[in-house]
Amino acid sequence: MKTIVTLFAILLITFHCSRFQFGSNQTKDETAGAVVTFFQGNITISSQGKESKAKIGDVVRPGDRIVTKLGRVDLQTYRGEIIRIKDNSDILFRDIAGENRPNTDIHMIAGNLLVKSVKLKSGQNLSVTSPTMVAGVRGTVFSFELDQGSVPKVKVYEGAVSVAFKTSPKLVEINEGLSAENYNRLVKTLEENEVVLEPGERLEVNPNLNELVYLINAKVPAKALTNEQISGLIDIDSGLSKSQTVITPQEKAEAETLVSITSETIHKQIESKKENSTEKTEVGTIEQEHEAKRMEALNQIVKEAEKTGLDNEEEIHNHYSILETIHKTNGDVLSGAVVAQLGDIFIVHSTKGVYQLSVDDIEYVEYKNFKVKTRAKK
């Protein structure tokens with residue numbers, strides 16, 4: 001019986017891994033990469049054992065790692081995916097699609113991602129993974145968040161995302177720590193727990209099963225998983241589910257700021273970073289194209305805010321679920337909500353109208369007793 005269960009577990013894990021194709025294609029492809037198109041704050045890129053501060057035009061390759069502190073960075077892959085890595089994130093690019101490389105595999109150690117995929121062809125894959133989960137994507141906009149000690153959070157704005165637990169083949173070694181009944185329940189739960197999230201849906205995770213999968217993945221290879229740890233996590237009949245959620249105006253606005261520049265510019269920049277390449281870098285073009293696209297997006301956000309016709313505090317609060325006081329450097333005070341912020345530009349919907357304000361226009365934003373400083377007083 002134990003042999004049958006062991007073989008079944010191996011087949012199950014093989015099925016999940018082959019379906020999402022983790023690192024399945026390691027073909028040498030010098031077009032495989034993603035270009036830094038926009039960033040703010042302190043961003044570190046680790047590549048082949050060397051660390052550097054991110055710059056516009058940097059090319060991230062498979063195996064590279066990005067750590068953000070108080071900042072964020074936008075990247076565009078050769079294939080056209082837009083990836084925004086937000087504050088306090090630690091991201092490993094296990095694979096990045098190229099001309100002859102079909103997979104983009106982003107591993108989240110911690111942090112928050114906002115991803116806009118392109119429509120993928122048969123055989124192409126985009127996946128985001130955490131230590132316990134994998135989200136498989138096919139043409140969509142979604143967020144993936146992982147705080148230390150918490151369960152992954154996935155929210156879909158457009159398209160669909162398939163989410164499942166991922167485990168190590170070493171799972172078969174924990175038989176002695178689980179009763180036959182609980183072991184069979186665990187394997188069955190892992191097999192059956194896959195959900196497909198659609199627009200306006202978010203992931204719900206059983207924290208006990210998430211913790212058990214984490215322990216298996218982290219400790220089994222080191223033979224450090226104890227029977228006590230396993231026996232304390234026996235509620236394994238449920239795993240993943242989904243629930244309806246509201247896409248806030250602020251989330252919708254941020255998704256609209258995931259702008260892309262021309263694929264020709266991205267391709268030229270990646271080509272320019274090849275070994276012995278004679279191509280010129282496209283940094284100036286990247287900056288100009290991205291600025292034009294993001295200003296276009298911000299202008300559209302302003303138009304959409306103006307269409308709502310909201311002009312009093314109660315309406316603004318009800319719509320944005322927040323009410324803030326924006327103190328300008330010239331002494332004026334606006335009551336309303338910050339709808340979006342990208343780089344040095346804030347979109348503010350106030351009782352006096354909708355404005356695009358630069359960071360230099362704002363002294364601070366106040367919500368109740370909380371203040372966000374944007375400029376030091378002179």
# chains A, B, ... in the order shown; residues from 1 in each chain; ligands from 1
$ residues_around --residues "Lys55 (chain A)" --least-positions-apart "2" --cutoff "12 Å" --atoms "only C-alpha atoms" --output "ChimeraX atom specification"
/A:35-45,52-53,57-60,73-75,283-284,286-287
$ residues_around --residues "Arg61 (chain A)" --least-positions-apart "5" --cutoff "7 Å" --atoms "only C-alpha atoms" --output "ChimeraX atom specification"
/A:32-34,96
$ residues_around --residues "Pro102 (chain A)" --least-positions-apart "4" --cutoff "8 Å" --atoms "only C-alpha atoms" --output "PyMOL selection string"
chain A and resi 25+97-98+123-125
$ closest_residue --among "A:Phe346, A:Phe144, A:Tyr367, A:Tyr157" --to "Ile322 (chain A)" --atoms "only C-alpha atoms"
A:Tyr367
$ closest_residue --among "A:Glu198, A:Asp95, A:Glu81, A:Asp105" --to "Leu120 (chain A)" --atoms "only C-alpha atoms"
A:Glu81
$ residues_around --residues "region 327-331 of chain A" --least-positions-apart "5" --cutoff "8 Å" --atoms "only C-alpha atoms" --output "short mmCIF file (atom, residue, chain, number, x, y, z; two decimals) with N, CA and C atoms, in the first residue's frame"
data_model
loop_
_atom_site.label_atom_id
_atom_site.label_comp_id
_atom_site.auth_asym_id
_atom_site.auth_seq_id
_atom_site.Cartn_x
_atom_site.Cartn_y
_atom_site.Cartn_z
N ASP A 360 6.85 67.86 -5.74
CA ASP A 360 7.29 69.16 -5.22
C ASP A 360 6.12 70.07 -4.90
N ASP A 361 4.93 69.74 -5.39
CA ASP A 361 3.75 70.54 -5.09
C ASP A 361 3.14 70.19 -3.74
N ILE A 362 3.55 69.05 -3.17
CA ILE A 362 2.89 68.53 -1.97
C ILE A 362 3.84 68.54 -0.78
N GLU A 363 3.38 69.14 0.31
CA GLU A 363 4.16 69.13 1.55
C GLU A 363 3.98 67.80 2.27
N TYR A 364 2.73 67.40 2.46
CA TYR A 364 2.44 66.08 3.01
C TYR A 364 0.97 65.74 2.80
N VAL A 365 0.71 64.43 2.90
CA VAL A 365 -0.66 63.92 2.79
C VAL A 365 -1.04 63.36 4.15
N GLU A 366 -2.21 63.76 4.62
CA GLU A 366 -2.62 63.38 5.97
C GLU A 366 -3.90 62.54 5.91
#
$ atom_distance --atom1 "CA of Leu126 (chain A)" --atom2 "CA of Ile106 (chain A)"
8.1 Å
$ residues_around --residues "region 333-343 of chain A" --least-positions-apart "5" --cutoff "9 Å" --atoms "only C-alpha atoms" --output "number ranges by chain"
A: 38-40, 249-251, 253-254, 257, 294, 298, 301-302, 305, 311-313, 316-317, 320-328, 348-352, 358-359, 365
$ select_by_dssp --residues "region 71-293 of chain A" --states "helix (DSSP H, G or I)" --output "ChimeraX atom specification"
/A:169-177,180-192,207-219,227-231,249-256,263-272,283-293
$ atom_distance --atom1 "CA of Ser263 (chain A)" --atom2 "CA of Gly63 (chain A)"
22.5 Å
$ closest_residue --among "A:Ala255, A:Leu92, A:Ile83, A:Val213" --to "Val115 (chain A)" --atoms "only C-alpha atoms"
A:Ile83
$ closest_residue --among "A:Thr265, A:Ser243, A:Ser238, A:Gln76" --to "Arg185 (chain A)" --atoms "only C-alpha atoms"
A:Ser238
$ residues_around --residues "Met133 (chain A)" --least-positions-apart "4" --cutoff "6 Å" --atoms "only C-alpha atoms" --output "MDAnalysis selection string"
chainID A and resid 129 164:166
$ select_by_dssp --residues "region 142-348 of chain A" --states "strand (DSSP E)" --output "NGL selection string"
:A and (142-146 or 153-158 or 161-165 or 194-197 or 201-205 or 240-244 or 324-328 or 333-342 or 345-348)
$ closest_residue --among "A:Thr77, A:Asn210, A:Thr104, A:Thr189" --to "Ser130 (chain A)" --atoms "only C-alpha atoms"
A:Asn210
$ atom_distance --atom1 "CA of Gln269 (chain A)" --atom2 "CA of Ile56 (chain A)"
10.6 Å
$ closest_residue --among "A:Arg84, A:Lys252, A:Lys155, A:Lys274" --to "Ala135 (chain A)" --atoms "only C-alpha atoms"
A:Lys155
